[in-house]
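Student: My structure is below; once you've seen it, I'll send some questions.
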2 protein chains.
Amino acid sequence: MRISYDIKSCVSCVYRQMLFGDLSDREYELINEARTEKIFRKGEVIVKENEPIDSFLYLRQGLVKFYKTDEHGKDHLLSITKPGDFVNLLNIFSDTNYHYSVCALEETMVCEVKLDALKEVIASNSKFALRILNRIGHISDEVILNRFEISRKQIKGRVAYILIYLADQIYKNPEFRIPITRRELGELISMTTENTIRTLSEFKNDGIISMEGKVITILDYDRLHNILKTG
Amino acid sequence: MRISYDIKSCVSCVYRQMLFGDLSDREYELINEARTEKIFRKGEVIVKENEPIDSFLYLRQGLVKFYKTDEHGKDHLLSITKPGDFVNLLNIFSDTNYHYSVCALEETMVCEVKLDALKEVIASNSKFALRILNRIGHISDEVILNRFEISRKQIKGRVAYILIYLADQIYKNPEFRIPITRRELGELISMTTENTIRTLSEFKNDGIISMEGKVITILDYDRLHNILKTG
DNA sequence: TAACAAATATGATATATGTCATAGGGATAA
DNA sequence: TTATCCCTATGACATATATCATATTTGTTA
C-alpha cells in the first residue's frame with residue numbers, strides 16, 4: 001500500500017459530486033482534511049475481519065473482494081465490489097468492528113475518511129446523511145439478493161447466476177473479463193474449484209458460453225436463463 | 001386481516017419511543033395521521049413479492065417470515081423477523097417494489113405508515129432519518145451474516161447455527177419453542193425437510209439437544225459450538 | 001530467463017444430500 | 001366428532017457434490 005498525494009485528482013473525481021454534492025464548503029473542507037488516498041496492489045489486504053472501524057472507505061478505482069477465512073484456512077467470499085461502492089458494508093454507525101476482510105483483486109485506489117469527521121457532517125446535514133445511508137442500504141440489498149439466489153440454487157444455477165450478474169449488472173456486456181480466479185468464483189458460490197471449472201467447461205462444450213482464459217462470452221442467453229430458473 | 005382501532009395502544013407502545021422519540025409534536029401528528037394498525041392471523045400474507053411499496057411497515061407483535069416462491073411452488077425463506085423489526089427490509093427510499101413476500105407465522109400486529117408522510121418527516125428531521133436508516137442497516141447486516149454463515153456450512157453446521165441463533169439472539173434461553181415447522185426450517189437453511197429432521201434427530205440421539213415437539217433445549221453447548229465451527 | 005507456484009483442467013472415487021416411499025400423530029375444518 | 005391434511009419421522013436408494021490424483025498451462029518472482 002502506498003499513500004497518494006495527488007490532491008488535484010479530487011477535484012475531477014466522479015464520486016465527489018455523487019457523494020459529497022450536498023456539502024457546504026465548510027463541511028467539504030472538514031471531510032477533506034480527514035481524508036487520505038491509498039493505493040493497494042493486487043492481493044494486498046485492505047482491512048481485516050474483526051479490526052476496529054475508524055474510517056469510512058470508498059473505492060475510487062479497482063476491485064475488491066469481501067471474505068472470511070475459516071478454521072481450515074479456506075476463504076469464503078461474500079461479494080465482489082466495484083468502484084463507487086463502499087468498503088464499509090456494514091452499518092458504520094451501529095457497529096465498531098469489521099465483519100469481513102477486504103482484499104484488492106487488482107490495483108485499487110481507496111479514499112479513507114476519518115469516521116469522526118464523517119459523523120460530524122452527517123449530524124448537521126440530513127441530505128448528506130440520507131444519501132450515504134441510502135447507498136449503503138442499496139448495496140446491502142444487492143448482497144442479500146445475491147446470497148439468497150445463490151444459496152437456493154444448485155451448482156449450474158449458481159454459475160449461471162454469477163455469469164448473468166457479471167454480464168448484465170457489472171459489465172453490461174455479454175463478453176467480459178472475469179476479475180476473479182475459478183477458485184475465487186467457487187468460494188463466492190460456495191462450491192469447490194473443481195466443480196466450478198467442470199460446470200464452466202460443460203457450459204462451454206454445450207455452446208452456452210465461450211471461454212478463453214479469463215475472457216468469457218455468453219453465447220446463448222436463453223439457455224443460460226433457463227438454467228438459472230430451473231437450477 | 002383486520003384493522004385495529006385501539007388508538008390508546010399507541011401511547012404505551014414501546015416502539016413509539018424507540019422509533020419516534022425524536023419527533024416534534026407536529027411531526028408525530030403527521031405520522032400518526034398516516035398510520036393504520038393491522039392484525040394478521042397465522043398464515044396470512046402481509047405483502048407479496050413484486051408488489052409496489054407504498055407504506056413503511058413495522059412489527060409490533062408476532063413473528064413473520066420473508067420468502068420467495070420458485071417456479072416449482074417451493075418456498076425459500078430469507079429470514080424470520082421479530083417484533084421491533086421492519087417489514088420493509090429493503091431500502092424503501094431507493095426501490096419501489098418488494099423483493100420478498102412476507103407472511104405471518106403467528107397472530108401478528110403491524111403498524112403501517114404511508115411512505116409519503118414518512119419521507120416528509122425524514123427530510124425535515126435528520127436525527128429521525130439516521131435512527132430509521134440505522135435500524136434498517138443493522139437488520140440488513142444481520143440478514144447478510146446469517147445467509148453467509150448458512151451458505152458456507154454443511155447441513156449439520158447449518159442446523160447448529162440456527163439453533164444457536166434462536167437460543168442466543170432471539171430467545172436468550174437454551175430452551176425455546178421453535179416458531180417454524182421443520183419444513184420451514186429446511187427452507188430457511190436451504191435443505192430438504194427430511195434431512196433437516198434427520199439432523200435434529202441425530203443431535204437428539206447424541207444428547208446435544210432435547211426435543212419435545214416444537215420445544216427444543218440445547219443440552220451441550222460445547223459440542224454444538226464445535227459442530228458450528230467445523231461443519 | 002529459468003524456476004517455481006498457482007491456475008486451469010479432467011478423471012476416478014467417496015461422501016453428502018436429495019428423492020421417493022411409508023407410517024403414525026396431531027392439528028384443523030366441515 | 002370424524003375426516004382430512006400436514007407435520008414429524010425413518011429407511012432405501014438416486015443424484016449431486018466433494019475429495020484426491022494427476023497433468024498442462026499460465027503467471028510471478030528470483
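Following the order of the C-alpha cells, chains are lettered A, B, ..., residues in each are numbered from 1, and ligands are numbered from 1.
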Can you work out which residues from chain B touch chain A at a cut-off of 9 Å (counting only C-alpha atoms) and hand them back as an NGL selection string?
Tutor: :B and (70-72 or 76-78 or 89-95 or 99 or 122-127 or 129-130 or 133-138 or 140-141 or 143-145 or 147-148 or 150-153 or 187 or 189-191 or 229-230)
Student: Set the cut-off to 9 Å and count only C-alpha atoms (C1' of nucleotides): what are the residues of chain A that reach chain D? Output as a count of residues only.
Tutor: 6
Student: Where does chain A meet chain C within 8 Å, residue by residue, with the nearest atom pair and distance in Å to one decimal for each, counting only C-alpha atoms (C1' of nucleotides), listed by chain and rising number, as CSV?
Tutor:
residue,atom,partner,partner_atom,distance
A:Thr181,CA,C:DA7,C1',7.4
A:Arg182,CA,C:DA7,C1',7.9
A:Ile197,CA,C:DA9,C1',7.4
Student: Please dump the current selection as a PDB file, in the first residue's frame; keep N, CA, C and O atoms.
Tutor:
ATOM      1  N   THR A 181     -10.345 -15.570 -10.025  1.00  0.00           N
ATOM      2  CA  THR A 181      -9.947 -16.902 -10.477  1.00  0.00           C
ATOM      3  C   THR A 181     -11.122 -17.861 -10.317  1.00  0.00           C
ATOM      4  O   THR A 181     -12.098 -17.558  -9.635  1.00  0.00           O
ATOM      5  N   ARG A 182     -10.998 -19.031 -10.942  1.00  0.00           N
ATOM      6  CA  ARG A 182     -12.043 -20.054 -10.790  1.00  0.00           C
ATOM      7  C   ARG A 182     -12.175 -20.449  -9.318  1.00  0.00           C
ATOM      8  O   ARG A 182     -13.262 -20.751  -8.840  1.00  0.00           O
ATOM      9  N   ILE A 197     -15.044 -25.280 -12.195  1.00  0.00           N
ATOM     10  CA  ILE A 197     -14.400 -25.413 -13.507  1.00  0.00           C
ATOM     11  C   ILE A 197     -15.169 -26.377 -14.394  1.00  0.00           C
ATOM     12  O   ILE A 197     -15.428 -26.105 -15.563  1.00  0.00           O
TER      13      ILE A 197
END
Student: To one decimal place, how far is atom CA of Gly231 of chain B from atom CA of Ala160 of chain B in Å?
Tutor: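 Distance between the two atoms: 8.7 Å.
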Student: In Å, rounded to a single decimal, give me how far atom CA of Lys65 of chain B is from atom CA of Val47 of chain B.
Tutor: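 Distance between the two atoms: 10.7 Å.
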Student: So which bits of chain A end up helix (DSSP H, G or I) when you DSSP the backbone, as a count of residues only?
Tutor: 102
Student: Using backbone DSSP assignments, extract all strand (DSSP E) residues from segment 173-230 of chain B; output them as a short mmCIF file (atom, residue, chain, number, x, y, z; two decimals) with N, CA and C atoms, in the first residue's frame.
Tutor:
data_model
loop_
_atom_site.label_atom_id
_atom_site.label_comp_id
_atom_site.auth_asym_id
_atom_site.auth_seq_id
_atom_site.Cartn_x
_atom_site.Cartn_y
_atom_site.Cartn_z
N GLU B 175 -33.57 -23.05 26.18
CA GLU B 175 -34.82 -23.73 25.85
C GLU B 175 -35.77 -22.76 25.18
N PHE B 176 -36.31 -23.15 24.04
CA PHE B 176 -37.24 -22.26 23.34
C PHE B 176 -38.21 -23.09 22.51
N ARG B 177 -39.30 -22.44 22.14
CA ARG B 177 -40.29 -23.06 21.27
C ARG B 177 -39.99 -22.58 19.86
N ILE B 209 -29.09 -32.01 22.02
CA ILE B 209 -30.32 -31.25 22.30
C ILE B 209 -31.38 -32.22 22.82
N SER B 210 -32.45 -31.66 23.40
CA SER B 210 -33.65 -32.46 23.61
C SER B 210 -34.77 -31.80 22.82
N MET B 211 -35.71 -32.62 22.39
CA MET B 211 -36.80 -32.14 21.55
C MET B 211 -38.10 -32.74 22.04
N GLU B 212 -39.10 -31.90 22.17
CA GLU B 212 -40.43 -32.39 22.52
C GLU B 212 -41.39 -31.58 21.66
N VAL B 215 -40.69 -27.70 21.16
CA VAL B 215 -39.82 -27.20 22.22
C VAL B 215 -38.45 -27.87 22.15
N ILE B 216 -37.45 -27.05 21.98
CA ILE B 216 -36.08 -27.55 21.84
C ILE B 216 -35.22 -26.98 22.96
N THR B 217 -34.38 -27.84 23.54
CA THR B 217 -33.45 -27.38 24.56
C THR B 217 -32.04 -27.77 24.17
N ILE B 218 -31.14 -26.82 24.21
CA ILE B 218 -29.74 -27.13 23.94
C ILE B 218 -29.11 -27.65 25.22
#
Student: Tell me, in Å to one decimal, how far atom CA of Ile178 of chain B is from atom CA of Lys74 of chain B.
Tutor: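 Pair atom CA of Ile178 of chain B / atom CA of Lys74 of chain B returns 21.2 Å.
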Student: Compare B:Asn88, B:Thr196, B:Thr81, B:Asn97 by their minimum atom-to-atom distance to Gln169 of chain B, counting only C-alpha atoms, and give me the closest one.
Tutor: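 The closest residue to Gln169 of chain B is B:Thr81.
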Student: Find the spatial neighbours of Ile227 of chain A, counting only C-alpha atoms (C1' of nucleotides), within a cut-off of 12 Å - ignore same-chain residues fewer than 3 positions away - and output them as a PyMOL selection string.
Tutor: chain A and resi 153-164+199+203+208+220-224+230-231
Student: Please produce a file of those selected residues containing N, CA and C atoms, as a PDB file, in the first residue's frame.
Tutor:
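As a result, out-v4.pdb now contains:
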ATOM      1  N   LYS A 153     -29.995 -22.256  -5.153  1.00  0.00           N
ATOM      2  CA  LYS A 153     -29.775 -22.958  -6.410  1.00  0.00           C
ATOM      3  C   LYS A 153     -28.707 -24.051  -6.284  1.00  0.00           C
ATOM      4  N   GLN A 154     -28.699 -24.965  -7.253  1.00  0.00           N
ATOM      5  CA  GLN A 154     -27.622 -25.941  -7.343  1.00  0.00           C
ATOM      6  C   GLN A 154     -26.493 -25.349  -8.184  1.00  0.00           C
ATOM      7  N   ILE A 155     -25.432 -26.127  -8.332  1.00  0.00           N
ATOM      8  CA  ILE A 155     -24.213 -25.563  -8.892  1.00  0.00           C
ATOM      9  C   ILE A 155     -24.397 -24.915 -10.268  1.00  0.00           C
ATOM     10  N   LYS A 156     -25.134 -25.570 -11.173  1.00  0.00           N
ATOM     11  CA  LYS A 156     -25.308 -24.979 -12.507  1.00  0.00           C
ATOM     12  C   LYS A 156     -26.057 -23.659 -12.431  1.00  0.00           C
ATOM     13  N   GLY A 157     -27.083 -23.631 -11.606  1.00  0.00           N
ATOM     14  CA  GLY A 157     -27.846 -22.405 -11.423  1.00  0.00           C
ATOM     15  C   GLY A 157     -26.993 -21.308 -10.816  1.00  0.00           C
ATOM     16  N   ARG A 158     -26.099 -21.686  -9.908  1.00  0.00           N
ATOM     17  CA  ARG A 158     -25.228 -20.706  -9.258  1.00  0.00           C
ATOM     18  C   ARG A 158     -24.260 -20.094 -10.243  1.00  0.00           C
ATOM     19  N   VAL A 159     -23.637 -20.942 -11.055  1.00  0.00           N
ATOM     20  CA  VAL A 159     -22.684 -20.442 -12.049  1.00  0.00           C
ATOM     21  C   VAL A 159     -23.423 -19.560 -13.058  1.00  0.00           C
ATOM     22  N   ALA A 160     -24.609 -20.020 -13.505  1.00  0.00           N
ATOM     23  CA  ALA A 160     -25.402 -19.224 -14.443  1.00  0.00           C
ATOM     24  C   ALA A 160     -25.731 -17.862 -13.827  1.00  0.00           C
ATOM     25  N   TYR A 161     -26.094 -17.867 -12.557  1.00  0.00           N
ATOM     26  CA  TYR A 161     -26.453 -16.618 -11.881  1.00  0.00           C
ATOM     27  C   TYR A 161     -25.289 -15.625 -11.886  1.00  0.00           C
ATOM     28  N   ILE A 162     -24.113 -16.123 -11.541  1.00  0.00           N
ATOM     29  CA  ILE A 162     -22.940 -15.247 -11.475  1.00  0.00           C
ATOM     30  C   ILE A 162     -22.574 -14.723 -12.862  1.00  0.00           C
ATOM     31  N   LEU A 163     -22.620 -15.589 -13.868  1.00  0.00           N
ATOM     32  CA  LEU A 163     -22.283 -15.143 -15.222  1.00  0.00           C
ATOM     33  C   LEU A 163     -23.249 -14.052 -15.680  1.00  0.00           C
ATOM     34  N   ILE A 164     -24.526 -14.245 -15.446  1.00  0.00           N
ATOM     35  CA  ILE A 164     -25.519 -13.250 -15.847  1.00  0.00           C
ATOM     36  C   ILE A 164     -25.359 -11.975 -15.018  1.00  0.00           C
ATOM     37  N   THR A 199     -18.262 -27.123 -14.353  1.00  0.00           N
ATOM     38  CA  THR A 199     -19.523 -26.530 -14.814  1.00  0.00           C
ATOM     39  C   THR A 199     -19.274 -25.529 -15.937  1.00  0.00           C
ATOM     40  N   PHE A 203     -20.703 -25.762 -19.781  1.00  0.00           N
ATOM     41  CA  PHE A 203     -21.382 -24.665 -20.482  1.00  0.00           C
ATOM     42  C   PHE A 203     -20.686 -24.377 -21.812  1.00  0.00           C
ATOM     43  N   ILE A 208     -23.028 -22.767 -24.693  1.00  0.00           N
ATOM     44  CA  ILE A 208     -23.753 -21.703 -23.990  1.00  0.00           C
ATOM     45  C   ILE A 208     -22.847 -20.488 -23.773  1.00  0.00           C
ATOM     46  N   ASP A 220     -25.411 -18.003 -25.586  1.00  0.00           N
ATOM     47  CA  ASP A 220     -26.827 -18.383 -25.624  1.00  0.00           C
ATOM     48  C   ASP A 220     -27.520 -17.963 -24.321  1.00  0.00           C
ATOM     49  N   TYR A 221     -27.998 -16.725 -24.321  1.00  0.00           N
ATOM     50  CA  TYR A 221     -28.654 -16.160 -23.136  1.00  0.00           C
ATOM     51  C   TYR A 221     -29.877 -16.975 -22.726  1.00  0.00           C
ATOM     52  N   ASP A 222     -30.645 -17.424 -23.742  1.00  0.00           N
ATOM     53  CA  ASP A 222     -31.883 -18.128 -23.442  1.00  0.00           C
ATOM     54  C   ASP A 222     -31.633 -19.383 -22.623  1.00  0.00           C
ATOM     55  N   ARG A 223     -30.660 -20.173 -23.081  1.00  0.00           N
ATOM     56  CA  ARG A 223     -30.398 -21.414 -22.351  1.00  0.00           C
ATOM     57  C   ARG A 223     -29.834 -21.130 -20.967  1.00  0.00           C
ATOM     58  N   LEU A 224     -28.980 -20.096 -20.895  1.00  0.00           N
ATOM     59  CA  LEU A 224     -28.391 -19.754 -19.603  1.00  0.00           C
ATOM     60  C   LEU A 224     -29.480 -19.291 -18.623  1.00  0.00           C
ATOM     61  N   THR A 230     -34.337 -23.019 -13.620  1.00  0.00           N
ATOM     62  CA  THR A 230     -34.646 -24.373 -13.185  1.00  0.00           C
ATOM     63  C   THR A 230     -33.593 -24.927 -12.224  1.00  0.00           C
ATOM     64  N   GLY A 231     -32.365 -24.427 -12.317  1.00  0.00           N
ATOM     65  CA  GLY A 231     -31.284 -24.975 -11.489  1.00  0.00           C
ATOM     66  C   GLY A 231     -31.189 -24.253 -10.172  1.00  0.00           C
TER      67      GLY A 231
END
